[in-house]
$ cat structure-v8.cif   # mmCIF, C-alpha atoms and all ligand atoms
data_target
#
loop_
_atom_site.label_atom_id
_atom_site.label_comp_id
_atom_site.auth_asym_id
_atom_site.auth_seq_id
_atom_site.Cartn_x
_atom_site.Cartn_y
_atom_site.Cartn_z
CA MET A 1 243.67 84.18 -100.73
CA ASP A 2 242.29 86.33 -97.92
CA ASN A 3 240.04 83.51 -96.94
CA ASP A 4 242.43 80.59 -97.13
CA HIS A 5 241.70 79.89 -93.49
CA THR A 6 238.02 79.38 -94.17
CA THR A 7 238.72 76.27 -96.22
CA LYS A 8 236.39 73.36 -95.61
CA ASN A 9 239.42 71.14 -95.19
CA HIS A 10 240.07 70.93 -91.47
CA PRO A 11 242.85 68.41 -91.04
CA LYS A 12 242.57 66.33 -87.90
CA ARG A 13 245.55 65.47 -85.72
CA HIS A 14 247.52 62.89 -87.65
CA PRO A 15 247.74 59.41 -86.11
CA ASP A 16 251.38 58.88 -87.10
CA TYR A 17 253.06 62.22 -86.47
CA LEU A 18 252.74 65.60 -84.81
CA ARG A 19 252.70 68.53 -87.18
CA ILE A 20 255.25 71.03 -85.87
CA ALA A 21 255.32 74.32 -87.78
CA THR A 22 258.70 76.00 -87.45
CA GLU A 23 258.54 79.53 -88.94
CA GLU A 24 255.56 81.07 -87.23
CA ALA A 25 255.40 84.77 -86.37
CA PHE A 26 254.12 87.05 -83.59
CA ALA A 27 254.21 90.80 -82.90
CA PRO A 28 253.81 92.41 -79.47
CA VAL A 29 251.52 95.46 -79.63
CA GLU A 30 254.33 97.46 -77.98
CA MET A 31 256.52 96.69 -81.01
CA LEU A 32 253.86 98.11 -83.31
CA ASP A 33 253.94 101.32 -81.25
CA ILE A 34 257.68 101.55 -81.86
CA TYR A 35 257.14 100.79 -85.56
CA ARG A 36 254.56 103.58 -85.79
CA LYS A 37 257.15 106.08 -84.52
CA ILE A 38 259.75 104.83 -87.00
CA LEU A 39 257.26 104.99 -89.86
CA ALA A 40 256.52 108.63 -88.97
CA GLN A 41 260.19 109.63 -89.31
CA PRO A 42 261.38 111.43 -92.46
CA ASP A 43 263.29 109.28 -94.97
CA VAL A 44 262.01 106.03 -93.45
CA ASP A 45 263.52 102.89 -94.98
CA PRO A 46 261.44 102.15 -98.13
CA GLY A 47 261.47 98.38 -97.61
CA PHE A 48 260.20 98.70 -94.04
CA LYS A 49 257.54 101.20 -95.13
CA GLY A 50 256.46 98.90 -97.96
CA LEU A 51 256.19 95.91 -95.62
CA MET A 52 255.10 96.87 -92.10
CA GLY A 53 253.74 100.23 -93.26
CA PHE A 54 251.40 98.21 -95.47
CA TYR A 55 250.29 95.58 -92.96
CA MET A 56 249.79 98.14 -90.18
CA SER A 57 247.60 100.49 -92.23
CA SER A 58 245.93 98.55 -95.05
CA PRO A 59 242.17 98.00 -94.77
CA SER A 60 242.49 94.83 -96.90
CA ALA A 61 241.17 91.59 -95.41
CA ARG A 62 244.65 90.04 -95.70
CA ALA A 63 246.35 92.81 -93.69
CA GLN A 64 243.61 92.99 -91.05
CA HIS A 65 243.64 89.24 -90.58
CA ILE A 66 247.44 89.13 -90.32
CA MET A 67 247.61 91.92 -87.74
CA ARG A 68 244.98 90.24 -85.59
CA CYS A 69 246.79 86.89 -85.69
CA LEU A 70 250.28 88.35 -85.20
CA THR A 71 249.39 90.08 -81.96
CA ASP A 72 247.74 87.01 -80.41
CA LEU A 73 249.60 84.38 -78.41
CA GLY A 74 246.48 82.71 -77.06
CA ASP A 75 243.00 81.72 -78.15
CA ILE A 76 242.98 82.98 -81.75
CA ARG A 77 246.28 81.33 -82.58
CA LEU A 78 245.36 78.09 -80.83
CA GLN A 79 242.04 77.95 -82.65
CA HIS A 80 243.73 78.45 -86.00
CA MET A 81 246.25 75.76 -85.14
CA ASP A 82 243.43 73.38 -84.27
CA GLU A 83 241.58 74.22 -87.47
CA ALA A 84 244.68 73.60 -89.59
CA GLY A 85 245.82 70.50 -87.70
CA ILE A 86 248.97 72.14 -86.32
CA ASP A 87 250.02 70.52 -83.05
CA HIS A 88 252.87 72.87 -82.22
CA GLN A 89 254.28 76.20 -83.39
CA VAL A 90 257.87 77.37 -83.17
CA ILE A 91 257.30 81.11 -82.86
CA ALA A 92 259.58 84.06 -83.64
CA LEU A 93 259.26 87.83 -83.44
CA THR A 94 258.01 88.82 -86.89
CA ALA A 95 260.32 90.46 -89.43
CA PRO A 96 262.02 92.87 -89.21
CA GLY A 97 261.82 92.43 -85.44
CA VAL A 98 264.10 94.87 -83.64
CA GLN A 99 266.53 95.16 -86.53
CA VAL A 100 264.94 98.34 -87.87
CA MET A 101 265.20 100.15 -84.48
CA ASP A 102 267.99 102.33 -83.09
CA THR A 103 270.52 100.26 -81.16
CA ALA A 104 269.43 101.06 -77.60
CA THR A 105 265.74 100.49 -78.35
CA ALA A 106 266.56 97.29 -80.22
CA VAL A 107 268.63 95.81 -77.40
CA SER A 108 266.02 96.62 -74.81
CA PHE A 109 262.98 95.58 -76.87
CA ALA A 110 264.53 92.22 -77.81
CA ARG A 111 264.51 91.41 -74.07
CA THR A 112 260.89 92.56 -73.68
CA ALA A 113 259.78 90.48 -76.67
CA ASN A 114 261.64 87.41 -75.42
CA ASP A 115 260.06 87.75 -71.97
CA GLN A 116 256.59 87.98 -73.55
CA LEU A 117 257.17 84.97 -75.76
CA ALA A 118 258.63 82.93 -72.90
CA ALA A 119 255.54 83.70 -70.81
CA ALA A 120 253.27 82.46 -73.63
CA VAL A 121 255.34 79.29 -73.91
CA ARG A 122 254.97 78.76 -70.14
CA ARG A 123 251.18 79.10 -70.53
CA HIS A 124 251.04 76.64 -73.45
CA PRO A 125 254.16 74.45 -73.25
CA THR A 126 252.73 71.65 -75.37
CA ARG A 127 251.66 74.04 -78.16
CA PHE A 128 254.36 76.73 -78.35
CA THR A 129 258.15 76.92 -78.55
CA GLY A 130 259.95 80.28 -78.78
CA MET A 131 262.97 81.59 -80.65
CA ILE A 132 265.28 84.17 -79.08
CA ALA A 133 265.17 87.60 -80.75
CA VAL A 134 268.42 89.57 -80.75
CA ALA A 135 269.67 92.99 -81.87
CA PRO A 136 272.60 92.44 -84.23
CA GLN A 137 273.20 96.23 -83.98
CA ASP A 138 275.04 95.39 -80.71
CA PRO A 139 276.69 91.99 -81.24
CA ALA A 140 277.97 91.71 -77.66
CA ALA A 141 274.49 92.41 -76.27
CA ALA A 142 273.03 89.94 -78.78
CA ALA A 143 275.42 87.27 -77.55
CA LYS A 144 274.36 87.99 -73.97
CA GLU A 145 270.69 87.79 -74.89
CA ILE A 146 271.25 84.41 -76.52
CA GLU A 147 272.80 83.25 -73.25
CA ARG A 148 269.89 84.66 -71.23
CA GLY A 149 267.39 83.12 -73.64
CA VAL A 150 268.94 79.69 -73.27
CA ASN A 151 269.79 79.71 -69.58
CA GLN A 152 266.93 81.74 -68.12
CA LEU A 153 264.07 81.51 -70.63
CA GLY A 154 264.61 77.93 -71.77
CA MET A 155 264.65 78.79 -75.47
CA HIS A 156 266.93 76.90 -77.84
CA SER A 157 267.04 78.80 -81.14
CA VAL A 158 267.70 82.36 -82.35
CA ILE A 159 265.83 84.44 -84.95
CA ILE A 160 267.65 86.97 -87.13
CA ASN A 161 265.74 88.70 -89.93
CA SER A 162 268.44 88.85 -92.61
CA HIS A 163 270.29 92.17 -93.08
CA THR A 164 270.40 94.77 -90.33
CA GLN A 165 270.00 98.21 -91.91
CA GLY A 166 271.93 97.01 -94.95
CA GLU A 167 274.65 95.15 -93.07
CA TYR A 168 275.30 91.41 -93.36
CA LEU A 169 276.44 88.85 -90.81
CA SER A 170 279.32 87.97 -93.14
CA ASP A 171 281.04 91.03 -91.60
CA PRO A 172 283.30 89.73 -88.78
CA LYS A 173 282.08 92.52 -86.51
CA PHE A 174 278.96 90.36 -85.99
CA TRP A 175 280.76 87.13 -85.25
CA ASP A 176 280.32 87.29 -81.44
CA ILE A 177 276.76 86.23 -82.28
CA PHE A 178 277.98 83.13 -84.13
CA ALA A 179 280.43 82.33 -81.32
CA ALA A 180 277.62 82.44 -78.74
CA ALA A 181 275.24 80.34 -80.84
CA GLU A 182 277.90 77.73 -81.49
CA ALA A 183 279.04 77.60 -77.85
CA LEU A 184 275.46 77.28 -76.55
CA ASN A 185 274.55 74.81 -79.30
CA VAL A 186 271.55 76.77 -80.59
CA PRO A 187 270.71 77.21 -84.29
CA ILE A 188 270.13 80.63 -85.86
CA TYR A 189 267.07 80.96 -88.10
CA LEU A 190 268.03 83.39 -90.88
CA HIS A 191 264.59 84.71 -91.82
CA PRO A 192 263.86 87.25 -94.60
CA ASN A 193 263.68 90.98 -94.06
CA SER A 194 262.42 93.62 -96.48
CA LEU A 195 265.01 94.59 -99.08
CA PRO A 196 267.72 97.03 -98.03
CA ARG A 197 267.68 100.52 -99.54
CA ASN A 198 270.26 99.73 -102.21
CA MET A 199 268.34 96.68 -103.55
CA PHE A 200 264.82 98.00 -103.30
CA GLN A 201 264.06 99.93 -106.49
CA PRO A 202 264.37 97.34 -109.32
CA PHE A 203 262.28 94.87 -107.30
CA HIS A 204 259.70 97.34 -106.05
CA GLU A 205 258.93 99.02 -109.37
CA CYS A 206 257.51 95.70 -110.61
CA GLY A 207 256.01 94.59 -107.29
CA LEU A 208 258.49 91.77 -106.70
CA ASP A 209 260.26 93.05 -103.56
CA GLY A 210 258.26 91.06 -101.03
CA ALA A 211 257.69 87.42 -100.16
CA ILE A 212 256.92 86.64 -103.80
CA TYR A 213 260.61 86.93 -104.79
CA GLY A 214 262.71 89.72 -103.23
CA PHE A 215 262.78 88.11 -99.77
CA GLY A 216 264.19 84.89 -101.18
CA VAL A 217 266.82 86.63 -103.32
CA GLU A 218 268.09 88.73 -100.43
CA THR A 219 268.02 86.02 -97.76
CA GLY A 220 269.66 83.52 -100.14
CA LEU A 221 272.35 86.12 -100.83
CA HIS A 222 272.82 86.59 -97.09
CA ALA A 223 273.22 82.85 -96.43
CA LEU A 224 275.67 82.61 -99.32
CA ARG A 225 277.67 85.58 -98.02
CA ILE A 226 277.93 83.80 -94.65
CA ILE A 227 279.17 80.64 -96.36
CA THR A 228 281.70 82.34 -98.65
CA ALA A 229 283.02 84.56 -95.84
CA GLY A 230 284.28 81.39 -94.16
CA VAL A 231 281.95 81.56 -91.14
CA PHE A 232 281.62 77.76 -91.02
CA ASP A 233 285.37 77.22 -91.26
CA ARG A 234 285.68 79.49 -88.21
CA PHE A 235 282.58 78.03 -86.42
CA PRO A 236 282.29 74.47 -87.78
CA LYS A 237 279.56 73.38 -85.35
CA LEU A 238 277.35 76.42 -85.97
CA GLN A 239 273.93 75.50 -87.37
CA MET A 240 271.62 77.84 -89.26
CA ILE A 241 268.06 77.40 -90.51
CA ILE A 242 266.69 78.94 -93.69
CA GLY A 243 263.09 78.88 -94.85
CA HIS A 244 261.31 78.95 -98.20
CA MET A 245 262.91 75.73 -99.37
CA GLY A 246 266.40 77.03 -98.61
CA GLU A 247 265.73 80.32 -100.44
CA ALA A 248 266.47 78.34 -103.65
CA LEU A 249 270.08 77.62 -102.69
CA PRO A 250 269.74 73.83 -103.05
CA PHE A 251 268.72 74.39 -106.67
CA TRP A 252 271.79 76.61 -107.19
CA SER A 253 274.22 74.16 -105.51
CA TYR A 254 275.96 72.72 -108.54
CA ARG A 255 276.63 76.09 -110.15
CA LEU A 256 277.72 77.64 -106.85
CA ASP A 257 280.27 74.89 -106.31
CA TYR A 258 281.65 75.08 -109.85
CA MET A 259 281.85 78.87 -110.03
CA HIS A 260 283.14 79.32 -106.48
CA ASN A 261 286.03 77.02 -107.27
CA ALA A 262 286.68 78.76 -110.60
CA THR A 263 286.56 82.19 -108.94
CA VAL A 264 288.99 81.19 -106.18
CA LYS A 265 291.44 79.69 -108.68
CA SER A 266 291.44 82.73 -110.97
CA GLN A 267 292.01 85.07 -107.97
CA ARG A 268 289.45 87.37 -109.52
CA TYR A 269 288.19 88.88 -106.24
CA ASP A 270 290.07 89.49 -102.98
CA SER A 271 286.76 88.81 -101.25
CA VAL A 272 286.46 85.25 -102.61
CA LYS A 273 288.88 83.22 -100.54
CA PRO A 274 289.47 79.48 -100.51
CA LEU A 275 287.14 77.53 -98.21
CA LYS A 276 287.81 74.19 -96.55
CA LYS A 277 284.77 72.72 -98.29
CA LYS A 278 282.50 73.31 -101.26
CA PRO A 279 279.60 75.77 -100.72
CA SER A 280 277.12 72.88 -101.01
CA ASP A 281 278.96 70.96 -98.26
CA TYR A 282 278.14 73.76 -95.81
CA LEU A 283 274.50 73.66 -96.96
CA ARG A 284 274.43 69.96 -96.12
CA GLU A 285 276.36 70.17 -92.83
CA ASN A 286 275.49 73.58 -91.35
CA PHE A 287 271.94 74.35 -92.51
CA TYR A 288 268.47 73.09 -91.83
CA ILE A 289 265.87 73.99 -94.43
CA THR A 290 262.17 74.57 -93.88
CA ASN A 291 259.47 74.53 -96.54
CA SER A 292 257.78 77.73 -95.32
CA GLY A 293 255.72 79.18 -98.16
CA VAL A 294 256.41 76.21 -100.44
CA ALA A 295 253.84 73.45 -99.99
CA TRP A 296 255.11 71.71 -103.10
CA GLU A 297 256.10 68.05 -103.15
CA PRO A 298 258.73 68.15 -105.96
CA ALA A 299 260.64 71.00 -104.29
CA ILE A 300 260.53 69.27 -100.89
CA LYS A 301 261.77 65.96 -102.31
CA PHE A 302 264.50 67.66 -104.34
CA THR A 303 265.73 69.43 -101.21
CA GLN A 304 265.63 66.19 -99.22
CA ALA A 305 267.73 64.61 -101.97
CA VAL A 306 270.27 67.47 -101.86
CA VAL A 307 270.67 68.01 -98.08
CA GLY A 308 269.22 64.79 -96.64
CA VAL A 309 265.90 63.87 -95.01
CA ASP A 310 267.25 64.78 -91.55
CA ARG A 311 267.63 68.46 -92.55
CA VAL A 312 264.28 69.38 -94.11
CA LEU A 313 261.53 70.60 -91.76
CA TYR A 314 257.91 71.63 -92.03
CA ALA A 315 256.84 75.27 -91.61
CA MET A 316 253.59 77.07 -92.35
CA ASP A 317 254.63 80.75 -92.00
CA TYR A 318 251.58 81.62 -89.93
CA PRO A 319 249.91 84.05 -90.25
CA TYR A 320 251.36 85.14 -93.59
CA GLN A 321 250.48 81.88 -95.31
CA TYR A 322 247.78 80.39 -93.12
CA ALA A 323 246.37 77.69 -95.39
CA ALA A 324 244.90 74.45 -94.07
CA ASP A 325 244.71 73.10 -97.64
CA GLU A 326 248.49 73.04 -97.72
CA VAL A 327 248.57 70.77 -94.68
CA VAL A 328 246.27 68.36 -96.50
CA ALA A 329 248.51 68.45 -99.58
CA LEU A 330 251.66 67.82 -97.56
CA ASP A 331 250.05 64.91 -95.69
CA ALA A 332 249.34 63.38 -99.09
CA MET A 333 252.95 63.52 -100.33
CA THR A 334 254.25 60.24 -101.70
CA MET A 335 257.12 59.75 -99.28
CA PRO A 336 258.27 56.94 -96.97
CA ASP A 337 256.37 57.15 -93.65
CA GLU A 338 259.58 57.54 -91.65
CA ASP A 339 260.73 60.46 -93.84
CA LYS A 340 257.37 62.18 -93.51
CA LYS A 341 257.56 61.88 -89.74
CA LYS A 342 261.04 63.41 -89.80
CA PHE A 343 259.72 66.26 -91.95
CA PHE A 344 256.69 67.07 -89.79
CA GLN A 345 257.87 66.12 -86.31
CA THR A 346 261.14 64.58 -85.27
CA ASN A 347 263.59 66.88 -87.09
CA ALA A 348 261.91 69.86 -85.40
CA GLN A 349 261.94 68.16 -81.99
CA ARG A 350 265.68 67.60 -82.34
CA VAL A 351 266.65 70.98 -83.87
CA PHE A 352 264.51 73.11 -81.51
CA LYS A 353 264.89 70.77 -78.49
CA ILE A 354 261.13 70.29 -78.14
CA ALA A 355 260.36 67.67 -75.52
CA PRO A 356 258.59 64.63 -76.99
CA ARG A 357 255.20 63.96 -75.49
C1 LIG B 1 255.52 88.08 -95.46
C2 LIG B 1 256.05 86.80 -95.67
C3 LIG B 1 255.85 88.76 -94.29
C4 LIG B 1 256.89 86.25 -94.75
C5 LIG B 1 256.69 88.17 -93.35
O1 LIG B 1 257.07 88.80 -92.21
C6 LIG B 1 257.17 86.88 -93.54
C7 LIG B 1 254.64 88.67 -96.44
C8 LIG B 1 256.87 90.21 -92.12
O2 LIG B 1 253.96 87.93 -97.19
O3 LIG B 1 254.57 89.92 -96.49
O4 LIG B 1 257.82 86.28 -92.55
N1 LIG B 1 257.50 85.01 -95.08
O5 LIG B 1 258.36 84.49 -94.37
O6 LIG B 1 257.24 84.51 -96.22
MN MN B 2 258.25 84.08 -92.40
#

$ encode --input "structure-v8.cif" --output "structure tokens"
Amino acid sequence: MDNDHTTKNHPKRHPDYLRIATEEAFAPVEMLDIYRKILAQPDVDPGFKGLMGFYMSSPSARAQHIMRCLTDLGDIRLQHMDEAGIDHQVIALTAPGVQVMDTATAVSFARTANDQLAAAVRRHPTRFTGMIAVAPQDPAAAAKEIERGVNQLGMHSVIINSHTQGEYLSDPKFWDIFAAAEALNVPIYLHPNSLPRNMFQPFHECGLDGAIYGFGVETGLHALRIITAGVFDRFPKLQMIIGHMGEALPFWSYRLDYMHNATVKSQRYDSVKPLKKKPSDYLRENFYITNSGVAWEPAIKFTQAVVGVDRVLYAMDYPYQYAADEVVALDAMTMPDEDKKKFFQTNAQRVFKIAPR
């Protein structure tokens, strides 16, 4: 695993499509300094300690490799992209981004990170596209940063790493963020975070809290909370992006629709209110899904069948899952040429407003 990147498979640029990877991560060294201070505090969040505490201190080859790649927005990253046949990366501040910081630090560091990323995109405009990091801790400031990101930095998508210190965007106090994203016509990528305090223990005691399973459970829950809270009835044009094959929500669709309807009708919970549409309708109309972490043809085709070929996008999840072999496997999928080009290239160009070249 540690040496996935040393595979002898070095995919060449593909003649028929660009490969645009859409859930790729970076970390400014200044953010790691802030993380180090947080990690030194008493009663530090166990999920954060288990995730970034691990990567920032482990001598393992995987952790060392990931830290080196995360902090690079130049030659190392470009070389790895060339070696894996990736033409273009859509890059976001790595999880948990600023969401683990105190509010003032988070608001100010989101700006710093966005300025750094925008500068890297200016240096390599044909290779990099950036997402706007925001601090949900201050929804009004987050809305302003989305506006600055779009109008001054030329970025056209937002990254939010799931819950913010245990709070979910289904709470209307966060909805200024949705209003801004909808008004400026930019999608929000709802990326995983480590598990919040009150979910951590039963996952961690068996080693399943991370990307293997816990991330997907918690981020899927978050997306579902946003749907069932009526966010898309209030903001019908809002678009979100979820990775990891939709955090399994496409597979759950039938049961979600049936049981949501049954729950509304029985008036079992005050919190489960009628929606204008079925939960799966919002998945099809308000979400894009990337295959980050899931280089698996049956899951990709199933998701295309559920949400449509215009809504499923390629992602590698560099550097956490840097594997050139997966690019080879995805190239080889049995899929109509035009659908494969949508998957690798044109959906991403449209969703992230990447200029064709
Ligand atoms: C991991 C995976 C870490 C993903 C990530 O960010 C991340 C991991 C801190 O394997 O620990 O983005 N991922 O999206 O699968
Ligand atoms: Mn990721």

$ residues_around --input "structure-v8.cif" --residues "Met56 of chain A" --least-positions-apart "5" --cutoff "10 Å" --atoms "only C-alpha atoms" --output "PyMOL selection string"
chain A and resi 32+35-36+49+51+63-64+66-67

$ write_last_selection --input "structure-v8.cif" --atoms "C-alpha atoms" --output "short mmCIF file (atom, residue, chain, number, x, y, z; two decimals), keeping the file's coordinate frame"
data_model
loop_
_atom_site.label_atom_id
_atom_site.label_comp_id
_atom_site.auth_asym_id
_atom_site.auth_seq_id
_atom_site.Cartn_x
_atom_site.Cartn_y
_atom_site.Cartn_z
CA LEU A 32 253.86 98.11 -83.31
CA TYR A 35 257.14 100.79 -85.56
CA ARG A 36 254.56 103.58 -85.79
CA LYS A 49 257.54 101.20 -95.13
CA LEU A 51 256.19 95.91 -95.62
CA ALA A 63 246.35 92.81 -93.69
CA GLN A 64 243.61 92.99 -91.05
CA ILE A 66 247.44 89.13 -90.32
CA MET A 67 247.61 91.92 -87.74
#

$ atom_distance --input "structure-v8.cif" --atom1 "atom CA of Arg13 of chain A" --atom2 "atom CA of Ala84 of chain A"
9.0 Å

$ closest_residue --input "structure-v8.cif" --among "A:Ala40, A:Ile227, A:Met245, A:Val327" --to "ligand MN 2 (chain B)" --atoms "all atoms listed in the file"
A:Met245

$ closest_atom_pairs --input "structure-v8.cif" --of "chain A" --to "ligand LIG 1 (chain B)" --cutoff "8 Å" --atoms "only C-alpha atoms and all ligand atoms" --output "CSV"
residue,atom,partner,partner_atom,distance
A:Glu23,CA,B:LIG1,O5,7.4
A:Glu24,CA,B:LIG1,O4,7.8
A:Ala25,CA,B:LIG1,O4,6.8
A:Leu51,CA,B:LIG1,O3,6.3
A:Met52,CA,B:LIG1,C8,6.9
A:Tyr55,CA,B:LIG1,O3,7.9
A:Thr94,CA,B:LIG1,O1,5.4
A:Ala95,CA,B:LIG1,C8,4.4
A:Pro96,CA,B:LIG1,C8,6.5
A:His191,CA,B:LIG1,O5,6.7
A:Pro192,CA,B:LIG1,O5,6.2
A:Asn193,CA,B:LIG1,C8,7.1
A:Ser194,CA,B:LIG1,C8,7.8
A:Gly210,CA,B:LIG1,O3,6.0
A:Ala211,CA,B:LIG1,O2,4.8
A:Ile212,CA,B:LIG1,O2,7.4
A:Phe215,CA,B:LIG1,O6,7.5
A:Gly243,CA,B:LIG1,O5,7.4
A:His244,CA,B:LIG1,O6,7.2
A:Ser292,CA,B:LIG1,O5,6.9
A:Gly293,CA,B:LIG1,O6,5.9
A:Asp317,CA,B:LIG1,O5,5.8
A:Tyr320,CA,B:LIG1,O2,5.2
A:Gln321,CA,B:LIG1,O2,7.2

$ atom_distance --input "structure-v8.cif" --atom1 "atom CA of Val231 of chain A" --atom2 "atom CA of Phe352 of chain A"
21.6 Å

$ closest_residue --input "structure-v8.cif" --among "A:Ile188, A:Val29, A:Ala315, A:Val98" --to "ligand MN 2 (chain B)" --atoms "all atoms listed in the file"
A:Ala315

$ residues_around --input "structure-v8.cif" --residues "Lys265 of chain A" --least-positions-apart "4" --cutoff "9 Å" --atoms "all atoms listed in the file" --output "NGL selection string"
:A and (260-261 or 274)

$ write_last_selection --input "structure-v8.cif" --atoms "C-alpha atoms" --output "tab-separated table (two decimals), in the coordinates of the input"
chain	number	residue	atom	x	y	z
A	260	HIS	CA	283.14	79.32	-106.48
A	261	ASN	CA	286.03	77.02	-107.27
A	274	PRO	CA	289.47	79.48	-100.51

$ closest_residue --input "structure-v8.cif" --among "A:Leu93, A:Val44, A:Val186, A:Ala104" --to "ligand MN 2 (chain B)" --atoms "all atoms listed in the file"
A:Leu93

$ residues_around --input "structure-v8.cif" --residues "Gln201 of chain A" --least-positions-apart "5" --cutoff "12 Å" --atoms "only C-alpha atoms" --output "compact mmCIF listing (two decimals) with C-alpha atoms, in the frame of the given file"
# COMPACT_ATOMS: atom_id res chain seq x y z
CA ASP A 45 263.52 102.89 -94.98
CA PRO A 46 261.44 102.15 -98.13
CA GLY A 47 261.47 98.38 -97.61
CA GLY A 50 256.46 98.90 -97.96
CA SER A 194 262.42 93.62 -96.48
CA LEU A 195 265.01 94.59 -99.08
CA PRO A 196 267.72 97.03 -98.03
CA CYS A 206 257.51 95.70 -110.61
CA GLY A 207 256.01 94.59 -107.29
CA LEU A 208 258.49 91.77 -106.70
CA ASP A 209 260.26 93.05 -103.56
CA GLY A 210 258.26 91.06 -101.03
CA GLY A 214 262.71 89.72 -103.23

$ closest_residue --input "structure-v8.cif" --among "A:Ser162, A:His10, A:Ala135, A:Asn347" --to "Val328 of chain A" --atoms "only C-alpha atoms"
A:His10

$ closest_residue --input "structure-v8.cif" --among "A:Ile20, A:Val150, A:Val294, A:Leu283" --to "Arg311 of chain A" --atoms "only C-alpha atoms"
A:Leu283

$ closest_residue --input "structure-v8.cif" --among "A:Gln89, A:Gln304, A:Ser266, A:Ser60" --to "Lys340 of chain A" --atoms "all atoms listed in the file"
A:Gln304

$ residues_around --input "structure-v8.cif" --residues "Met259 of chain A" --least-positions-apart "3" --cutoff "12 Å" --atoms "all atoms listed in the file" --output "list of chain:residue names"
A:Thr228, A:Trp252, A:Ser253, A:Tyr254, A:Arg255, A:Leu256, A:Ala262, A:Thr263, A:Val264, A:Lys265, A:Ser266, A:Arg268, A:Val272, A:Lys278, A:Pro279, A:Ser280

$ axis_aligned_box --input "structure-v8.cif" --around "segment 139-158 of chain A" --padding-each-side "3 Å" --output "lines of an AutoDock Vina configuration file"
center_x = 271.0
center_y = 84.7
center_z = -75.2
size_x = 19.9
size_y = 21.5
size_z = 20.2

$ atom_distance --input "structure-v8.cif" --atom1 "atom CA of Leu221 of chain A" --atom2 "atom CA of Leu249 of chain A"
9.0 Å

$ residues_around --input "structure-v8.cif" --residues "Ile226 of chain A" --least-positions-apart "5" --cutoff "9 Å" --atoms "only C-alpha atoms" --output "PyMOL selection string"
chain A and resi 168-171+221+231-232
